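S.K.: Data: run-v6.csv, CSV, C-alpha atoms.
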chain,number,residue,atom,x,y,z
A,785,MET,CA,125.0,79.4,211.6
A,786,SER,CA,121.8,78.6,213.4
A,787,GLU,CA,120.7,79.5,216.9
A,788,TYR,CA,118.3,77.6,219.2
A,789,LYS,CA,116.8,79.3,222.2
A,790,VAL,CA,115.0,77.6,225.1
A,791,GLU,CA,113.9,78.7,228.5
A,792,VAL,CA,113.7,76.6,231.7
A,793,GLU,CA,111.5,77.8,234.5
A,794,TRP,CA,110.9,76.3,238.0
A,795,LEU,CA,107.3,75.4,238.7
A,796,PRO,CA,106.7,76.2,242.3
A,797,ASP,CA,103.7,74.3,243.6
A,798,PRO,CA,103.2,74.4,247.4
A,799,ALA,CA,100.7,71.5,247.2
A,800,SER,CA,103.1,69.2,245.4
A,801,PRO,CA,105.8,67.1,247.1
A,802,TYR,CA,107.9,67.6,244.0
A,803,LYS,CA,110.1,70.6,244.4
A,804,ARG,CA,112.3,69.9,241.3
A,805,MET,CA,109.9,70.2,238.5
A,806,ALA,CA,110.7,72.6,235.6
A,807,ARG,CA,108.9,73.7,232.5
A,808,MET,CA,110.9,74.1,229.3
A,809,GLY,CA,109.9,75.7,226.1
A,810,SER,CA,110.8,78.2,223.5
A,811,ALA,CA,108.5,81.2,223.1
A,812,ALA,CA,110.5,82.4,220.1
A,813,ASP,CA,109.9,79.2,218.2
A,814,LYS,CA,106.4,78.6,219.6
A,815,LEU,CA,107.4,75.1,220.7
A,816,PRO,CA,105.1,73.1,223.1
A,817,GLU,CA,106.2,73.0,226.7
A,818,VAL,CA,107.9,69.9,228.2
A,819,THR,CA,108.0,69.2,231.9
A,820,CYS,CA,111.3,68.0,233.1
A,821,VAL,CA,112.4,66.6,236.5
A,822,THR,CA,115.2,65.0,238.4
A,823,PRO,CA,115.1,61.2,237.6
A,824,PRO,CA,114.3,58.8,240.4
A,825,GLU,CA,117.9,57.5,240.5
A,826,PHE,CA,118.8,60.7,242.3
A,827,LYS,CA,117.7,62.0,245.7
A,828,LYS,CA,114.2,63.4,245.6
A,829,GLY,CA,113.9,62.3,242.0
A,830,ILE,CA,110.5,61.9,240.4
A,831,PRO,CA,109.5,58.7,238.4
A,832,ASN,CA,107.4,58.7,235.2
A,833,HIS,CA,108.5,62.1,233.9
A,834,TRP,CA,111.0,63.3,231.3
A,835,SER,CA,114.5,64.0,232.8
A,836,PRO,CA,117.5,65.8,231.4
A,837,GLU,CA,119.1,62.4,231.0
A,838,HIS,CA,116.1,61.1,228.9
A,839,LEU,CA,116.2,64.2,226.8
A,840,PHE,CA,119.9,63.9,226.2
A,841,VAL,CA,119.6,60.3,225.0
A,842,SER,CA,116.5,61.3,223.0
A,843,SER,CA,118.2,64.1,221.2
A,844,CYS,CA,120.9,61.7,220.0
A,845,ALA,CA,118.3,59.2,218.8
A,846,ALA,CA,116.1,61.8,217.2
A,847,CYS,CA,119.0,63.4,215.4
A,848,PHE,CA,120.1,60.0,214.0
A,849,PHE,CA,116.5,59.5,212.9
A,850,THR,CA,116.1,62.8,211.1
A,851,THR,CA,119.6,62.6,209.6
A,852,PHE,CA,118.8,59.1,208.3
A,853,THR,CA,115.4,60.1,206.9
A,854,SER,CA,116.9,63.2,205.2
A,855,ILE,CA,119.6,61.1,203.5
A,856,SER,CA,117.1,58.4,202.6
A,857,ASP,CA,114.7,60.9,201.0
A,858,SER,CA,117.4,62.0,198.5
A,859,SER,CA,118.6,58.4,198.0
A,860,ALA,CA,115.3,56.9,196.7
A,861,LEU,CA,115.4,54.2,199.5
A,862,SER,CA,112.2,52.2,199.6
A,863,LEU,CA,111.7,52.5,203.3
A,864,LYS,CA,108.8,50.6,204.8
A,865,THR,CA,109.2,51.3,208.5
A,866,PHE,CA,111.9,52.9,210.6
A,867,LYS,CA,112.4,53.5,214.3
A,868,VAL,CA,115.3,54.1,216.6
A,869,LYS,CA,115.6,52.8,220.2
A,870,ALA,CA,118.3,54.2,222.4
A,871,THR,CA,119.9,53.4,225.7
A,872,GLY,CA,122.2,55.8,227.6
A,873,ILE,CA,124.7,54.7,230.2
A,874,LEU,CA,125.2,57.1,233.1
A,875,ALA,CA,128.4,56.3,234.9
A,876,LYS,CA,131.6,57.9,236.1
A,877,ASP,CA,133.8,59.1,233.3
A,878,LYS,CA,137.7,59.0,233.2
A,879,ALA,CA,137.8,62.1,235.5
A,880,GLY,CA,135.5,60.4,238.0
A,881,LYS,CA,132.5,62.6,237.2
A,882,GLU,CA,129.0,61.4,236.6
A,883,ALA,CA,128.4,61.6,232.8
A,884,MET,CA,126.4,59.9,230.1
A,885,THR,CA,129.4,57.9,229.0
A,886,ARG,CA,127.8,55.9,226.2
A,887,ILE,CA,124.7,55.9,224.1
A,888,ASP,CA,123.7,52.8,222.1
A,889,LEU,CA,121.4,53.5,219.2
A,890,TYR,CA,119.3,50.6,217.8
A,891,PRO,CA,117.8,51.7,214.4
A,892,GLU,CA,115.3,49.2,213.1
A,893,ILE,CA,115.1,49.7,209.3
A,894,VAL,CA,112.6,47.8,207.1
A,895,VAL,CA,112.9,48.2,203.4
A,896,GLU,CA,110.6,47.2,200.5
A,897,LYS,CA,113.3,45.5,198.3
A,898,ASP,CA,116.3,43.2,198.9
A,899,ALA,CA,118.3,45.5,196.8
A,900,ASP,CA,117.8,48.3,199.3
A,901,ILE,CA,119.4,46.5,202.3
A,902,GLU,CA,122.9,47.5,201.3
A,903,LYS,CA,121.7,51.0,200.5
A,904,ALA,CA,120.1,51.3,203.9
A,905,LYS,CA,123.3,50.1,205.5
A,906,ARG,CA,125.3,52.9,203.7
A,907,ILE,CA,122.7,55.5,204.7
A,908,ALA,CA,122.9,54.4,208.3
A,909,GLU,CA,126.7,54.8,208.2
A,910,LYS,CA,126.3,58.3,206.7
A,911,ALA,CA,123.7,59.2,209.3
A,912,GLU,CA,126.1,58.0,212.1
A,913,ALA,CA,128.9,60.2,210.6
A,914,ASN,CA,126.7,63.2,210.1
A,915,CYS,CA,124.5,63.3,213.1
A,916,LEU,CA,125.3,66.8,214.5
A,917,ILE,CA,124.0,66.1,218.0
A,918,ALA,CA,126.1,62.9,218.3
A,919,ASN,CA,129.1,64.8,216.9
A,920,SER,CA,128.6,67.4,219.6
A,921,MET,CA,128.6,64.9,222.5
A,922,LYS,CA,131.6,63.5,224.3
A,923,SER,CA,129.7,60.3,225.0
A,924,GLU,CA,130.7,57.2,223.1
A,925,ILE,CA,127.9,56.7,220.5
A,926,VAL,CA,127.5,53.1,219.2
A,927,VAL,CA,125.0,52.3,216.4
A,928,HIS,CA,123.6,48.8,216.0
A,929,PRO,CA,121.5,48.9,212.9
A,930,ALA,CA,119.0,46.0,212.2
A,931,ILE,CA,118.1,46.1,208.5
A,932,ARG,CA,115.7,43.7,206.8
A,933,LYS,CA,113.2,43.4,203.9
A,934,ALA,CA,109.5,43.7,204.7
So that I can check it, write out the structure of this file as C-alpha cells.
M.R.:
Amino acid sequence: MSEYKVEVEWLPDPASPYKRMARMGSAADKLPEVTCVTPPEFKKGIPNHWSPEHLFVSSCAACFFTTFTSISDSSALSLKTFKVKATGILAKDKAGKEAMTRIDLYPEIVVEKDADIEKAKRIAEKAEANCLIANSMKSEIVVHPAIRKA
C-alpha cells in the first residue's frame, strides 16, 4: 500500500479580483506548489491557470505515459519520441450530475525500427490496462495510439 498526501490552501489576496485561487502542494514529499483555480467555464472562473479539471485529465495522461515508459524500459523497445495528448469531456452523467464523462488519450509513439511497431502497440495496450489512475476513474477512457517509425 502507498499513501499520497497533499494540502490545498486558499490564497486570500484582497488586491486580486480572483477569490477562488488555491495553492496545492505536499510538504511531506517536498513537491513544488501548483496554483489551481475554478476554470473560466464556471461563474467567476479564471482563465490561463490550472484547474481541477485540467489536473484530472493530466493525471490520466501522465499515468498512461509513466506506465507505458515503465513497460517499454523492460521490453527493449527502441523508442525515439513519445508524448501523450489528452482531452477530457465535462458533461452530465447518467445521474444528471456534472462529471468528466470521457477522457480521450492520444499517445504519439515513434520507434526506431519497423519491427518495434507491433511491440509498441502491445505495450500501449498493456499501459491502458494497467494505468492505475485510469483504473480508479469512473470516466470512460479511450486510447487512440498513433505509432510510426522515425
S.K.: Given all atoms listed in the file as the basis, pick out the residue of A:Arg932, A:His838, A:Arg807, A:Lys910 nearest to Glu892 (chain A).
M.R.: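 Residue with the minimum atom-to-atom distance to Glu892 (chain A): A:Arg932.
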S.K.: One decimal, in Å: what's the spacing between CA of Ile893 (chain A) and CA of Leu874 (chain A)?
M.R.: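 About the pair CA of Ile893 (chain A) and CA of Leu874 (chain A): they are 26.9 Å apart.
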S.K.: For Ser842 (chain A), work out the shell of residues within 10 Å, counting only C-alpha atoms and skipping chain neighbours fewer than 2 positions away, then give it as number ranges by chain.
M.R.: A: 836-840, 844-848, 868-872, 887, 889
S.K.: Between CA of Ala908 (chain A) and CA of Tyr788 (chain A), what is the distance in Å, rounded to a tenth?
M.R.: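 Separating CA of Ala908 (chain A) from CA of Tyr788 (chain A) is a distance of 26.0 Å.
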S.K.: Between CA of Ser843 (chain A) and CA of Phe866 (chain A), what is the distance in Å, rounded to a tenth?
M.R.: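 That distance, rounded to one decimal, is 16.7 Å.
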S.K.: Restricting the calculation to only C-alpha atoms, which member of A:Ser923, A:Ala930, A:Ile830, A:Lys897 is positioned closest to Lys876 (chain A)?
M.R.: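 The closest residue to Lys876 (chain A) is A:Ser923.
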S.K.: If I wrap all listed atoms of region 792-795 of chain A in a box with edges along x, y and z and add 4 Å on each side, what are its centre and edge lengths in Å to one decimal, as lines of an AutoDock Vina configuration file?
M.R.:
center_x = 110.5
center_y = 76.6
center_z = 235.2
size_x = 14.4
size_y = 10.4
size_z = 15.0
S.K.: Please provide as a ChimeraX atom specification all residues within 10 Å of region 833-835 of chain A, with the sequence filter that same-chain residues fewer than 5 positions apart are discarded (counting all atoms listed in the file).
M.R.: /A:805-806,818-824,840
S.K.: Find the residues around Glu791 (chain A) up to 10 Å (all atoms listed in the file counted), leave out those fewer than 4 positions away in its own chain, and share them as a PDB file with C-alpha atoms, keeping the file's coordinate frame.
M.R.:
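As a result, part.pdb now contains:
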ATOM      1  CA  ALA A 806     110.700  72.600 235.600  1.00  0.00           C
ATOM      2  CA  ARG A 807     108.900  73.700 232.500  1.00  0.00           C
ATOM      3  CA  MET A 808     110.900  74.100 229.300  1.00  0.00           C
ATOM      4  CA  GLY A 809     109.900  75.700 226.100  1.00  0.00           C
ATOM      5  CA  SER A 810     110.800  78.200 223.500  1.00  0.00           C
ATOM      6  CA  ALA A 811     108.500  81.200 223.100  1.00  0.00           C
ATOM      7  CA  ALA A 812     110.500  82.400 220.100  1.00  0.00           C
ATOM      8  CA  GLU A 817     106.200  73.000 226.700  1.00  0.00           C
TER       9      GLU A 817
END
S.K.: Show which residues sit within 8 Å of Glu896 (chain A), as a PDB file with C-alpha atoms, in the frame of the given file. Count all atoms listed in the file, and ignore same-chain residues fewer than 2 positions away.
M.R.:
ATOM      1  CA  SER A 862     112.200  52.200 199.600  1.00  0.00           C
ATOM      2  CA  LEU A 863     111.700  52.500 203.300  1.00  0.00           C
ATOM      3  CA  LYS A 864     108.800  50.600 204.800  1.00  0.00           C
ATOM      4  CA  VAL A 894     112.600  47.800 207.100  1.00  0.00           C
ATOM      5  CA  ASP A 898     116.300  43.200 198.900  1.00  0.00           C
ATOM      6  CA  ASP A 900     117.800  48.300 199.300  1.00  0.00           C
ATOM      7  CA  LYS A 933     113.200  43.400 203.900  1.00  0.00           C
ATOM      8  CA  ALA A 934     109.500  43.700 204.700  1.00  0.00           C
TER       9      ALA A 934
END
S.K.: Could you check the closest approach to Met921 (chain A) for each of A:Ile873, A:Met884, A:Leu861, A:Leu795 and tell me which residue wins, using only C-alpha atoms?
M.R.: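 Closest candidate: A:Met884.
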S.K.: Here is a test: counting only C-alpha atoms, which residue of A:Asp813, A:Glu787, A:Glu882, A:Glu912 is nearest to Ile855 (chain A)?
M.R.: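 Residue with the minimum atom-to-atom distance to Ile855 (chain A): A:Glu912.
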S.K.: Which residue is closest to Val927 (chain A)? Choose from A:Asn832, A:Pro891, A:Arg906, A:Lys827 and count all atoms listed in the file.
M.R.: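 Closest to Val927 (chain A), using all atoms listed in the file: A:Pro891.
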S.K.: Mind listing as a list in words all residues within 12 Å of (125.4, 63.6, 207.6), counting all atoms listed in the file?
M.R.: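 Selection result: Cys847, Phe848, Phe849, Thr850, Thr851, Phe852, Thr853, Ser854, Ile855, Ser856, Arg906, Ile907, Ala908, Glu909, Lys910, Ala911, Glu912, Ala913, Asn914, Cys915, Leu916, Ile917, Ala918 and Asn919 of chain A.
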S.K.: Can I get the selected residues back with C-alpha atoms, as a short mmCIF file (atom, residue, chain, number, x, y, z; two decimals), in the coordinates of the input?
M.R.:
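Printed below is result_4.cif as written:
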data_model
loop_
_atom_site.label_atom_id
_atom_site.label_comp_id
_atom_site.auth_asym_id
_atom_site.auth_seq_id
_atom_site.Cartn_x
_atom_site.Cartn_y
_atom_site.Cartn_z
CA CYS A 847 119.00 63.40 215.40
CA PHE A 848 120.10 60.00 214.00
CA PHE A 849 116.50 59.50 212.90
CA THR A 850 116.10 62.80 211.10
CA THR A 851 119.60 62.60 209.60
CA PHE A 852 118.80 59.10 208.30
CA THR A 853 115.40 60.10 206.90
CA SER A 854 116.90 63.20 205.20
CA ILE A 855 119.60 61.10 203.50
CA SER A 856 117.10 58.40 202.60
CA ARG A 906 125.30 52.90 203.70
CA ILE A 907 122.70 55.50 204.70
CA ALA A 908 122.90 54.40 208.30
CA GLU A 909 126.70 54.80 208.20
CA LYS A 910 126.30 58.30 206.70
CA ALA A 911 123.70 59.20 209.30
CA GLU A 912 126.10 58.00 212.10
CA ALA A 913 128.90 60.20 210.60
CA ASN A 914 126.70 63.20 210.10
CA CYS A 915 124.50 63.30 213.10
CA LEU A 916 125.30 66.80 214.50
CA ILE A 917 124.00 66.10 218.00
CA ALA A 918 126.10 62.90 218.30
CA ASN A 919 129.10 64.80 216.90
#
